[in-house]
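What follows is one structure encoded as structure tokens, with my remarks underneath.
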2 protein chains.
Amino acid sequence: MNQDLQKERAAASFNPELLTHVLDGSPENTRRRREIENLILKDPDFQHEDLNFLSRSQRYEVAVRKSATMVEKMRKFNIADPAEIMWFKKLHLVNFVEPVGLNYSMFIPTLLNQGTTAQQEKWLLSSKGLEIIGTYAQTEMGHGTHLRGLETTATYDPETQEFILNSPTVTSIKWWPGGLGKTSNHAIVLAQLITQGKCYGLHAFIVPIRELGTHKPLPGITVGDIGPKFGYDEMDNGYLKMDNYRIPRENMLMKHAQVKPDGTYVKPLSNKLTYGTMVFIRSFLVGESARCLSKACTIAIRYSAVRHQSEIKPGEPEPQILDYQTQQYKLFPLLATAYAFQFVGAYMKETYHRINEDISQGDLSELPELHALTAGLKAFTSWTTNTGIEACRMACGGHGYSHCSGLPNIYVNFTPTCTFEGENTVMMLQTARFLMKSYDQVHSGKLVCGMVSYLNDLPSQHIQPQQVAVWPTVVDINSPDSLTEAYKLRAARLVEIAAKNLQTEVIHRKSKEVAWNLTSVDLVQASEAHCHYVAVKLFSEKLLQIQEKSIQAVLRNLCLLYCLYGISRNAGDFLQGNIMTESQITQVNERVKELLTVIRPDAVALVDAFDFQDVTLGSVLGRYDGNVYENLFEWAKKSPLNNTEVHESYYKHLKSLQSKL
Amino acid sequence: MNQDLQKERAAASFNPELLTHVLDGSPENTRRRREIENLILKDPDFQHEDLNFLSRSQRYEVAVRKSATMVEKMRKFNIADPAEIMWFKKLHLVNFVEPVGLNYSMFIPTLLNQGTTAQQEKWLLSSKGLEIIGTYAQTEMGHGTHLRGLETTATYDPETQEFILNSPTVTSIKWWPGGLGKTSNHAIVLAQLITQGKCYGLHAFIVPIRELGTHKPLPGITVGDIGPKFGYDEMDNGYLKMDNYRIPRENMLMKHAQVKPDGTYVKPLSNKLTYGTMVFIRSFLVGESARCLSKACTIAIRYSAVRHQSEIKPGEPEPQILDYQTQQYKLFPLLATAYAFQFVGAYMKETYHRINEDISQGDLSELPELHALTAGLKAFTSWTTNTGIEACRMACGGHGYSHCSGLPNIYVNFTPTCTFEGENTVMMLQTARFLMKSYDQVHSGKLVCGMVSYLNDLPSQHIQPQQVAVWPTVVDINSPDSLTEAYKLRAARLVEIAAKNLQTEVIHRKSKEVAWNLTSVDLVQASEAHCHYVAVKLFSEKLLQIQEKSIQAVLRNLCLLYCLYGISRNAGDFLQGNIMTESQITQVNERVKELLTVIRPDAVALVDAFDFQDVTLGSVLGRYDGNVYENLFEWAKKSPLNNTEVHESYYKHLKSLQSKL
């Protein structure tokens, strides 16, 4: 093992294994996760190519091959639990991108949720066995977030009992679905249903797009890859254009809404349940943010422990760059954030399961808050993680720019999280809508519950500066609970400002909608403050559940850093509300610097506790073993440009270049 | 032309052509720039492949071929002025990356600056004609910013009158030099000079690395490509390892320092002049930041004018996304920043030339400030641009993630600017060192001049809260001059805080160096505030030079937005120093929102004024002509994954995948 890392590990104040158990949920979970990981690591069929050296076409081919092996092995190893599937895939595919993924994550679940028993009988078995490879085609070239704007039509023809699918404009071409470009032979297509001359809005249809046996596009179908992207090189995100393409009536998923053979439309009993899948995916993405930020921190902090550069005292050997305050200031708040998000992710998972249980019992009461919370937290955690990964990359200096660091790949495959499954600004505005509703409810004398219950304590007069003049003295900057209170006051204040600005605009403008748009910057800020409060609160509460003193101590410091760094970077919010005084802010800034020093000896152990396998990190810089520079040199030699065969072809150009001058 | 863009242009309050003249410096400059651009656009030899569809090896090959054509044409067209070379290259190579670039930008200039007349005679002509293709090898695998830490040695052997070059460790391997991997046959190598048993520090040596005629690495030389990176795909950044590799004594560049045949070392007269090149490159990078942010804004704002999505009022057609306040809040402050940086870039260029003139007259007095200013502004503008490009990309939603937007390429080729030519945090600390020196000077009763002269007015007692209680009332949020004053006070306050914290640490710690490290977060913040003040000041002053009323009006709004947005986002700094009151901050926030509405009708004209040719943007989304979605569809069809030949090979995998299940 690397000597610097060895020293760091020896100096830690706690046993990272115990912290890993906390993160996994239990020692048993840790054991089982490692068991699955070892199945893969010891299996010769799972040896990794370095994707960095391949062209996109090659990467796609490798990914298809891997998908096959993966599906096969999961059956063999009897891995069926969703969490276990995730551990399995995480290790198997470094960045978790697989062309046939949507067959399992979208096609089959939609079939199960929206298909009748007969439809499930018809398609389920062959899609599980990948005879049918399905994807989910919703987004169009000109329409993303705004579903009502989708243009694809499915017009019912009672003569033949068929739906006629059309992409009437260029903007209506389906665009982005994963696996659509080359891999899939079926798609669940979302289209405006038209029957008996009337449009009934979006419905889902099972559409064969390629011929079984030849895999060639069927007549009336134009399908292909949408071209290279920032990341997701292995994924054939595709387009789909349909021209008077006919499918049988039975291909409309009819568990809820139906079209009778004569064209009569039967509407569904409730629309609310379609919430479910979105809420699940978004709550999953919160955990995904935590994992990606944890990965980036692991690489950057290990590398910073290994990298020696410049000098603090002249004449002394070059120090580890982790000893520079500026480096600590870049990385440790992100490390604290990664921990915060791990706990937020775990909470979202639990809450989702709890509320899902309620829903299955017919209790939908908590669904609106869950919906608002997942929307905001998906945006809040993914934005922070997005900039955080890049900050980690840049903290690795030049080597962070090389694919050897693994960080560029983590970034390009993470960043679409800010856009997909609900664009982040739109998500924040959905949360804001819930906050405004809750605020109005309190104002009209009703109590609200859940994470917004702080609005109950704060009818407007409470947050006038005059009234709160006594508050600042009670903020104890060494108490996570007291800091949570400060974040609560900030959220309450920004919610109130947004609500009042919205009211003012409503009075000045003729339309509520225009007023909403003209307040939307404030609304987003209110949502952000609300989510920040939730994260702080969950982190603080987590501390109370930890028994082991050494673990509690180190998590407490991280929690304090998370809270205080947030105050320091948003000092204006805390000063303006008179939540804290100028001198307290100065103390906060000083305390942040102290905490960097306090956390420094535990930094490497804190990323070790995330327990990523080297292969999962996909990084030369973040590896455990050997000399990082020797590993780097070995890696570089494999660059395709170093292939001697191509050498001659370059030299030909150079010679012609020289001859011209 | 696109209809939405046409409407936008018709609605503008000013003629963008006049603003283009301001940005170019004069109508004559605009004319000449376009003349050169047209030389390229009309030349069939300069037709562009879309690099997005090529593998890295193919991109490198294309780049080598383009380099050849470019050098040839520049001679033919008689383009020799540095600014004209830049226009030429900018258009020719979308993202300005060329494998033989370092021969002209580093190898030849170093030969001219540090070589004797005899050395220039020997190497200059053949390097100009690319018989010798040179690069500049300084950075090592384990050593970047800290030059004294470089390990490569050049040991003089008086017996044979040769230098023996060695890479004694893995960390000493030269790493990163552009064009080293495959293209170059010579390198200027920076190495620790050892003669007569003593080390004299870094000196430059001309080192042949590949055989002329065969282009094969010479014995004792190990050279190659360092592998794939985030961007710079076309560039063969390389490694170089030397084992007892001998070069003649005459290959040491001896204009300044010398080694006599017997091994006697003769030291140079002055070290200061080596500043020059660094200062030039860094001041150039400020302009480069401005250009890249301007490009990103052009694409994102044009696309936002063309993209229709969701609804503001129910039932009405989907509005342009540029009409959403949140979208304006993302993009217009960046547009204002792009303009600010354009003017900062122009100022840096002028100042560099003025001071360079002074230096050639023997007057070095302004060099330290220029050095500090370029270091800080390089960091300040490149950090802001770095996050700004990504914000533009994400403001384009899903399509921003596709290479069709051009934005991923702009980002990955820009982001190393934050690291190379001086890592940004290190740069900020260099500026801080100058600020601390200036502060001490004022404290000891001497006046300072230049951009830091505000420190003269502010001996400590002036910036105590009690004293400045009268200031807030004088900040006029509609006056750029008054806002510049506010930024000045903020900078002064943060410089003073850093200075005082540094003093406190010096008292508590035994060493000045440790104290410096423990204050470095404050020092970076002081530098950032100083640079922000400089940018605000230069923008405000620029307004006074504009005669044309319509141009002045629109630039004034941008300047106000730049100033006020900065205050809004850093409200804590302005409140803590009692520079502004809480109610003023509230007014600032409101005024920012108003300015978004004011700027909205001119947004497209403001990016048009940057006058980028479509080909320079390298973007489907930012193009002038036709329907953006039709262009996008045409582009996507060219994806290599849509090549029917490869289709069969994928299908083979799919079949084997199906057969296993």
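Letters for chains follow the order of the structure tokens (A, B, ...), residue numbers begin at 1 for each chain, and ligand numbers begin at 1 in the order shown.
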
I'd like the contact shell of Cys297 (chain A) - 10 Å cut-off, only C-alpha atoms, skipping same-chain residues fewer than 6 positions apart - returned as an mmCIF file with all heavy atoms, in the first residue's frame.
```
data_model
loop_
_atom_site.group_PDB
_atom_site.id
_atom_site.type_symbol
_atom_site.label_atom_id
_atom_site.label_comp_id
_atom_site.auth_asym_id
_atom_site.auth_seq_id
_atom_site.Cartn_x
_atom_site.Cartn_y
_atom_site.Cartn_z
ATOM 1 N N ARG A 291 -23.625 9.182 -3.572
ATOM 2 C CA ARG A 291 -22.585 8.230 -3.990
ATOM 3 C C ARG A 291 -21.563 8.881 -4.903
ATOM 4 O O ARG A 291 -20.353 8.673 -4.751
ATOM 5 C CB ARG A 291 -23.216 7.034 -4.712
ATOM 6 C CG ARG A 291 -23.678 5.925 -3.778
ATOM 7 C CD ARG A 291 -24.245 4.738 -4.557
ATOM 8 N NE ARG A 291 -25.510 5.072 -5.193
ATOM 9 C CZ ARG A 291 -26.689 5.099 -4.564
ATOM 10 N NH1 ARG A 291 -26.767 4.783 -3.279
ATOM 11 N NH2 ARG A 291 -27.800 5.410 -5.207
ATOM 12 N N TYR A 303 -5.725 11.388 -3.327
ATOM 13 C CA TYR A 303 -4.653 11.972 -4.143
ATOM 14 C C TYR A 303 -3.970 13.124 -3.391
ATOM 15 O O TYR A 303 -2.746 13.256 -3.440
ATOM 16 C CB TYR A 303 -5.213 12.466 -5.473
ATOM 17 C CG TYR A 303 -4.181 13.147 -6.341
ATOM 18 C CD1 TYR A 303 -3.106 12.435 -6.865
ATOM 19 C CD2 TYR A 303 -4.272 14.505 -6.621
ATOM 20 C CE1 TYR A 303 -2.147 13.059 -7.647
ATOM 21 C CE2 TYR A 303 -3.326 15.136 -7.412
ATOM 22 C CZ TYR A 303 -2.268 14.407 -7.930
ATOM 23 O OH TYR A 303 -1.313 15.033 -8.691
ATOM 24 N N LEU A 331 -11.940 20.797 -0.131
ATOM 25 C CA LEU A 331 -12.378 19.395 -0.070
ATOM 26 C C LEU A 331 -13.208 19.020 1.156
ATOM 27 O O LEU A 331 -14.133 18.220 1.046
ATOM 28 C CB LEU A 331 -11.157 18.473 -0.169
ATOM 29 C CG LEU A 331 -10.389 18.545 -1.497
ATOM 30 C CD1 LEU A 331 -9.159 17.660 -1.452
ATOM 31 C CD2 LEU A 331 -11.274 18.162 -2.674
ATOM 32 N N PHE A 332 -12.866 19.553 2.319
ATOM 33 C CA PHE A 332 -13.553 19.056 3.519
ATOM 34 C C PHE A 332 -15.032 19.455 3.590
ATOM 35 O O PHE A 332 -15.864 18.643 4.011
ATOM 36 C CB PHE A 332 -12.795 19.454 4.792
ATOM 37 C CG PHE A 332 -11.425 18.825 4.903
ATOM 38 C CD1 PHE A 332 -10.520 19.258 5.876
ATOM 39 C CD2 PHE A 332 -11.012 17.811 4.034
ATOM 40 C CE1 PHE A 332 -9.255 18.689 5.984
ATOM 41 C CE2 PHE A 332 -9.743 17.246 4.127
ATOM 42 C CZ PHE A 332 -8.862 17.692 5.112
ATOM 43 N N LEU A 334 -16.906 19.612 1.093
ATOM 44 C CA LEU A 334 -17.544 18.668 0.176
ATOM 45 C C LEU A 334 -17.659 17.286 0.811
ATOM 46 O O LEU A 334 -18.656 16.579 0.616
ATOM 47 C CB LEU A 334 -16.762 18.583 -1.139
ATOM 48 C CG LEU A 334 -16.841 19.831 -2.018
ATOM 49 C CD1 LEU A 334 -15.900 19.701 -3.207
ATOM 50 C CD2 LEU A 334 -18.267 20.078 -2.498
ATOM 51 N N LEU A 335 -16.640 16.910 1.569
ATOM 52 C CA LEU A 335 -16.690 15.637 2.291
ATOM 53 C C LEU A 335 -17.861 15.651 3.281
ATOM 54 O O LEU A 335 -18.636 14.687 3.372
ATOM 55 C CB LEU A 335 -15.360 15.428 3.025
ATOM 56 C CG LEU A 335 -15.214 14.190 3.895
ATOM 57 C CD1 LEU A 335 -15.290 12.912 3.055
ATOM 58 C CD2 LEU A 335 -13.880 14.225 4.660
ATOM 59 N N ALA A 336 -17.991 16.759 4.000
ATOM 60 C CA ALA A 336 -19.103 16.895 4.943
ATOM 61 C C ALA A 336 -20.437 16.840 4.198
ATOM 62 O O ALA A 336 -21.397 16.220 4.663
ATOM 63 C CB ALA A 336 -18.973 18.211 5.711
ATOM 64 N N THR A 337 -20.478 17.458 3.020
ATOM 65 C CA THR A 337 -21.694 17.446 2.206
ATOM 66 C C THR A 337 -22.015 16.024 1.744
ATOM 67 O O THR A 337 -23.178 15.604 1.744
ATOM 68 C CB THR A 337 -21.521 18.367 0.980
ATOM 69 O OG1 THR A 337 -21.140 19.666 1.436
ATOM 70 C CG2 THR A 337 -22.801 18.472 0.182
ATOM 71 N N ALA A 338 -20.974 15.287 1.355
ATOM 72 C CA ALA A 338 -21.189 13.905 0.919
ATOM 73 C C ALA A 338 -21.842 13.107 2.048
ATOM 74 O O ALA A 338 -22.790 12.349 1.821
ATOM 75 C CB ALA A 338 -19.867 13.270 0.491
ATOM 76 N N GLY A 388 -19.650 20.084 -7.008
ATOM 77 C CA GLY A 388 -18.700 19.440 -6.095
ATOM 78 C C GLY A 388 -17.734 18.511 -6.816
ATOM 79 O O GLY A 388 -16.536 18.493 -6.522
ATOM 80 N N ILE A 389 -18.244 17.727 -7.763
ATOM 81 C CA ILE A 389 -17.368 16.807 -8.502
ATOM 82 C C ILE A 389 -16.312 17.616 -9.246
ATOM 83 O O ILE A 389 -15.127 17.268 -9.237
ATOM 84 C CB ILE A 389 -18.175 15.943 -9.499
ATOM 85 C CG1 ILE A 389 -19.144 15.020 -8.768
ATOM 86 C CG2 ILE A 389 -17.237 15.110 -10.369
ATOM 87 C CD1 ILE A 389 -20.176 14.357 -9.690
ATOM 88 N N ALA A 391 -15.220 20.570 -8.508
ATOM 89 C CA ALA A 391 -14.288 21.148 -7.538
ATOM 90 C C ALA A 391 -13.246 20.102 -7.123
ATOM 91 O O ALA A 391 -12.053 20.406 -7.005
ATOM 92 C CB ALA A 391 -15.044 21.678 -6.321
ATOM 93 N N CYS A 392 -13.683 18.860 -6.931
ATOM 94 C CA CYS A 392 -12.754 17.769 -6.601
ATOM 95 C C CYS A 392 -11.757 17.563 -7.745
ATOM 96 O O CYS A 392 -10.563 17.389 -7.523
ATOM 97 C CB CYS A 392 -13.505 16.464 -6.343
ATOM 98 S SG CYS A 392 -14.367 16.415 -4.773
ATOM 99 N N ARG A 393 -12.292 17.564 -8.962
ATOM 100 C CA ARG A 393 -11.426 17.346 -10.121
ATOM 101 C C ARG A 393 -10.356 18.431 -10.194
ATOM 102 O O ARG A 393 -9.160 18.150 -10.366
ATOM 103 C CB ARG A 393 -12.253 17.336 -11.407
ATOM 104 C CG ARG A 393 -11.431 17.029 -12.655
ATOM 105 C CD ARG A 393 -12.244 17.056 -13.925
ATOM 106 N NE ARG A 393 -12.788 18.358 -14.267
ATOM 107 C CZ ARG A 393 -12.057 19.381 -14.721
ATOM 108 N NH1 ARG A 393 -10.759 19.273 -14.876
ATOM 109 N NH2 ARG A 393 -12.635 20.532 -15.003
ATOM 110 N N LEU A 407 -12.179 11.297 -12.655
ATOM 111 C CA LEU A 407 -13.147 12.343 -12.316
ATOM 112 C C LEU A 407 -13.910 12.892 -13.520
ATOM 113 O O LEU A 407 -15.114 13.145 -13.408
ATOM 114 C CB LEU A 407 -12.450 13.457 -11.526
ATOM 115 C CG LEU A 407 -12.048 12.997 -10.115
ATOM 116 C CD1 LEU A 407 -11.008 13.938 -9.504
ATOM 117 C CD2 LEU A 407 -13.263 12.921 -9.206
ATOM 118 N N ALA A 603 -9.234 12.648 7.533
ATOM 119 C CA ALA A 603 -9.799 12.816 6.188
ATOM 120 C C ALA A 603 -9.747 11.532 5.364
ATOM 121 O O ALA A 603 -10.739 11.137 4.744
ATOM 122 C CB ALA A 603 -9.097 13.959 5.464
ATOM 123 N N VAL A 604 -8.589 10.873 5.345
ATOM 124 C CA VAL A 604 -8.463 9.668 4.519
ATOM 125 C C VAL A 604 -9.356 8.546 5.062
ATOM 126 O O VAL A 604 -10.041 7.863 4.296
ATOM 127 C CB VAL A 604 -6.989 9.228 4.411
ATOM 128 C CG1 VAL A 604 -6.871 7.836 3.818
ATOM 129 C CG2 VAL A 604 -6.211 10.228 3.560
ATOM 130 N N LEU A 606 -12.080 8.917 6.592
ATOM 131 C CA LEU A 606 -13.474 9.276 6.290
ATOM 132 C C LEU A 606 -13.868 8.908 4.869
ATOM 133 O O LEU A 606 -15.014 8.566 4.604
ATOM 134 C CB LEU A 606 -13.701 10.781 6.538
ATOM 135 C CG LEU A 606 -13.891 11.158 8.012
ATOM 136 C CD1 LEU A 606 -13.752 12.657 8.217
ATOM 137 C CD2 LEU A 606 -15.246 10.674 8.531
ATOM 138 N N VAL A 607 -12.930 8.985 3.927
ATOM 139 C CA VAL A 607 -13.293 8.524 2.572
ATOM 140 C C VAL A 607 -13.156 7.004 2.467
ATOM 141 O O VAL A 607 -13.913 6.372 1.726
ATOM 142 C CB VAL A 607 -12.516 9.248 1.437
ATOM 143 C CG1 VAL A 607 -12.858 10.734 1.437
ATOM 144 C CG2 VAL A 607 -11.034 9.020 1.511
ATOM 145 N N PHE A 610 -16.356 5.133 2.974
ATOM 146 C CA PHE A 610 -17.325 4.967 1.874
ATOM 147 C C PHE A 610 -17.165 3.585 1.219
ATOM 148 O O PHE A 610 -18.072 3.090 0.564
ATOM 149 C CB PHE A 610 -17.148 6.051 0.802
ATOM 150 C CG PHE A 610 -17.496 7.443 1.264
ATOM 151 C CD1 PHE A 610 -16.643 8.513 0.994
ATOM 152 C CD2 PHE A 610 -18.672 7.696 1.945
ATOM 153 C CE1 PHE A 610 -16.959 9.802 1.392
ATOM 154 C CE2 PHE A 610 -18.998 8.993 2.356
ATOM 155 C CZ PHE A 610 -18.135 10.048 2.079
ATOM 156 N N GLY A 622 -7.077 7.497 -7.370
ATOM 157 C CA GLY A 622 -7.758 7.138 -6.131
ATOM 158 C C GLY A 622 -7.489 5.712 -5.687
ATOM 159 O O GLY A 622 -8.115 5.232 -4.759
#
```

Quiz item: Where in region 33-255 of chain B does DSSP assign strand (DSSP E or B), given as a ChimeraX atom specification?
Solution: /B:134-137,140,143,153-157,162-166,174-175,186-195,198-208,210,217,221-225,229,238-242,245-248,252

Using C-alpha atoms, can you export the residues from the last selection as a PDB file, in the first residue's frame?
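Heads up, here's the output in result_4.pdb:
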```pdb
ATOM      1  CA  GLY B 134       9.796  21.848 -31.085  1.00  0.00           C
ATOM      2  CA  THR B 135       7.903  21.841 -27.833  1.00  0.00           C
ATOM      3  CA  TYR B 136       8.561  23.113 -24.308  1.00  0.00           C
ATOM      4  CA  ALA B 137       9.022  20.526 -21.556  1.00  0.00           C
ATOM      5  CA  GLU B 140       6.948  16.815 -14.532  1.00  0.00           C
ATOM      6  CA  HIS B 143       5.890  18.681 -10.065  1.00  0.00           C
ATOM      7  CA  THR B 153      19.035  16.948 -14.126  1.00  0.00           C
ATOM      8  CA  ALA B 154      21.512  18.183 -16.711  1.00  0.00           C
ATOM      9  CA  THR B 155      24.992  17.304 -15.475  1.00  0.00           C
ATOM     10  CA  TYR B 156      27.926  18.811 -17.320  1.00  0.00           C
ATOM     11  CA  ASP B 157      30.759  16.493 -18.398  1.00  0.00           C
ATOM     12  CA  GLU B 162      28.334  17.440 -23.075  1.00  0.00           C
ATOM     13  CA  PHE B 163      25.383  17.628 -20.739  1.00  0.00           C
ATOM     14  CA  ILE B 164      24.053  14.326 -19.469  1.00  0.00           C
ATOM     15  CA  LEU B 165      20.291  14.510 -19.078  1.00  0.00           C
ATOM     16  CA  ASN B 166      18.519  12.268 -16.644  1.00  0.00           C
ATOM     17  CA  LYS B 174       8.253  15.233 -18.108  1.00  0.00           C
ATOM     18  CA  TRP B 175       4.479  15.154 -18.340  1.00  0.00           C
ATOM     19  CA  HIS B 186      12.868  18.514 -30.387  1.00  0.00           C
ATOM     20  CA  ALA B 187      12.030  19.866 -26.951  1.00  0.00           C
ATOM     21  CA  ILE B 188      13.312  22.716 -24.866  1.00  0.00           C
ATOM     22  CA  VAL B 189      13.795  20.885 -21.584  1.00  0.00           C
ATOM     23  CA  LEU B 190      13.945  22.637 -18.230  1.00  0.00           C
ATOM     24  CA  ALA B 191      16.424  20.867 -15.960  1.00  0.00           C
ATOM     25  CA  GLN B 192      18.494  21.408 -12.817  1.00  0.00           C
ATOM     26  CA  LEU B 193      21.927  22.364 -14.078  1.00  0.00           C
ATOM     27  CA  ILE B 194      24.797  20.614 -12.292  1.00  0.00           C
ATOM     28  CA  THR B 195      28.375  21.531 -13.053  1.00  0.00           C
ATOM     29  CA  LYS B 198      27.164  22.076  -7.777  1.00  0.00           C
ATOM     30  CA  CYS B 199      23.493  22.599  -8.679  1.00  0.00           C
ATOM     31  CA  TYR B 200      22.672  25.992 -10.185  1.00  0.00           C
ATOM     32  CA  GLY B 201      18.929  25.542 -10.555  1.00  0.00           C
ATOM     33  CA  LEU B 202      16.714  25.443 -13.596  1.00  0.00           C
ATOM     34  CA  HIS B 203      18.085  26.111 -17.057  1.00  0.00           C
ATOM     35  CA  ALA B 204      16.777  25.466 -20.565  1.00  0.00           C
ATOM     36  CA  PHE B 205      18.302  22.945 -22.998  1.00  0.00           C
ATOM     37  CA  ILE B 206      17.510  22.098 -26.592  1.00  0.00           C
ATOM     38  CA  VAL B 207      17.049  18.342 -26.701  1.00  0.00           C
ATOM     39  CA  PRO B 208      16.571  16.297 -29.888  1.00  0.00           C
ATOM     40  CA  ARG B 210      13.225  11.941 -32.371  1.00  0.00           C
ATOM     41  CA  PRO B 217      12.661   8.144 -30.588  1.00  0.00           C
ATOM     42  CA  ILE B 221      14.758   8.771 -24.927  1.00  0.00           C
ATOM     43  CA  THR B 222      11.403   7.300 -23.886  1.00  0.00           C
ATOM     44  CA  VAL B 223       8.586   9.417 -25.246  1.00  0.00           C
ATOM     45  CA  GLY B 224       4.850   9.027 -25.813  1.00  0.00           C
ATOM     46  CA  ASP B 225       1.309  10.245 -25.308  1.00  0.00           C
ATOM     47  CA  LYS B 229      -8.018  13.690 -21.178  1.00  0.00           C
ATOM     48  CA  GLY B 238       3.253  13.782 -23.918  1.00  0.00           C
ATOM     49  CA  TYR B 239       5.780  12.284 -21.542  1.00  0.00           C
ATOM     50  CA  LEU B 240       9.561  12.267 -21.818  1.00  0.00           C
ATOM     51  CA  LYS B 241      12.020  10.161 -19.872  1.00  0.00           C
ATOM     52  CA  MET B 242      15.755  10.590 -20.420  1.00  0.00           C
ATOM     53  CA  TYR B 245      21.091  11.132 -22.612  1.00  0.00           C
ATOM     54  CA  ARG B 246      23.943  13.290 -23.880  1.00  0.00           C
ATOM     55  CA  ILE B 247      23.654  16.612 -25.718  1.00  0.00           C
ATOM     56  CA  PRO B 248      26.460  18.996 -26.765  1.00  0.00           C
ATOM     57  CA  MET B 252      22.134  24.884 -23.355  1.00  0.00           C
TER      58      MET B 252
END
```

Quiz item: Excluding same-chain residues fewer than 2 positions from Lys638 (chain A), what lies within 12 Å of it counting only C-alpha atoms, as an MDAnalysis selection string?
Solution: (chainID A and resid 49:54 404 631:636 640:644) or (chainID B and resid 224:228)

Exercise. With a distance cut-off of 10 Å and only C-alpha atoms, select the neighbouring residues of Ser382 (chain A), excluding the residue or stretch itself and same-chain residues fewer than 4 positions from it, and output the selection as a PyMOL selection string.
Key: chain A and resi 285-290+292-293+341+376-378+386-388+414-419+424

Please tabulate, as CSV, the residues of region 516-582 of chain A that come within 9 Å of region 571-582 of chain B, each with its closest pair of atoms and the distance in Å to one decimal, counting only C-alpha atoms and ordering rows by chain, then residue number upward.
```
residue,atom,partner,partner_atom,distance
A:Ser568,CA,B:Gly572,CA,8.5
A:Arg569,CA,B:Gly572,CA,8.3
A:Asn570,CA,B:Gly572,CA,6.9
A:Ala571,CA,B:Gly572,CA,4.6
A:Gly572,CA,B:Gly572,CA,3.7
A:Asp573,CA,B:Gly572,CA,7.4
A:Phe574,CA,B:Gly572,CA,8.3
A:Leu575,CA,B:Gly572,CA,7.0
A:Gln576,CA,B:Glu582,CA,5.8
A:Gly577,CA,B:Glu582,CA,8.9
A:Thr581,CA,B:Gln576,CA,8.9
A:Glu582,CA,B:Gln576,CA,5.8
```

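Omitting Phe420 (chain A) and its sequence neighbours fewer than 4 positions away, and counting only C-alpha atoms, the residues within 12 Å are Gln138, Thr139, Gly144, Thr145, Trp176, Pro177, Gly178, Met278, Ile281, Arg282, Leu285, Ala375, Lys378, Ala379, Ser382, Asn413, Phe414, Thr415, Pro416, Asn424, Thr425, Val426 and Met427 of chain A; Met394, Gly397, Gly398, His399, Gly400 and Tyr401 of chain B.
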
Exercise. Determine, counting only C-alpha atoms, which protein, DNA and RNA residues have an atom within 12 Å of an atom of Glu350 (chain A); residues of the same chain fewer than 4 positions away are not included. Present the result as a VMD selection string.
Key: chain A and resid 25 280 283 to 284 287 343 to 346 354 to 357 370

Quiz item: Got a sec: who's within 9 Å of Tyr324 (chain B), counting only C-alpha atoms, leaving out chain neighbours fewer than 5 positions off, as a list of chain:residue names?
Solution: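 The residues satisfying every condition are A:Asn517, A:Leu518, A:Ser520, B:Ile312, B:Pro319, B:Tyr329.
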
Practice problem: Go through B:Gly566, B:Gly197, B:Pro408, B:Pro317 and flag the residue nearest chain A, using only C-alpha atoms for the distances. | Solution: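 Among B:Gly566, B:Gly197, B:Pro408, B:Pro317, it is B:Pro408 that comes nearest to chain A.
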
Self-check item: Residue among B:Glu131, B:Asp625, B:Glu548, B:Asp363 lying closest to chain A, counting only C-alpha atoms
Solution: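 That would be B:Glu131, the residue with the smallest distance to chain A.
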
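You will find CA of Leu19 (chain B) at 21.9 Å from CA of Leu322 (chain B).
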
Quiz item: Between CA of His146 (chain A) and CA of Glu311 (chain B), what is the spacing in Å?
Solution: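 These atoms are spaced 8.1 Å apart.
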
Quiz item: Hey, which of A:Leu561, A:Ala609, A:Leu367, A:Ala515 ends up closest to chain B? Count only C-alpha atoms.
Solution: A:Ala515
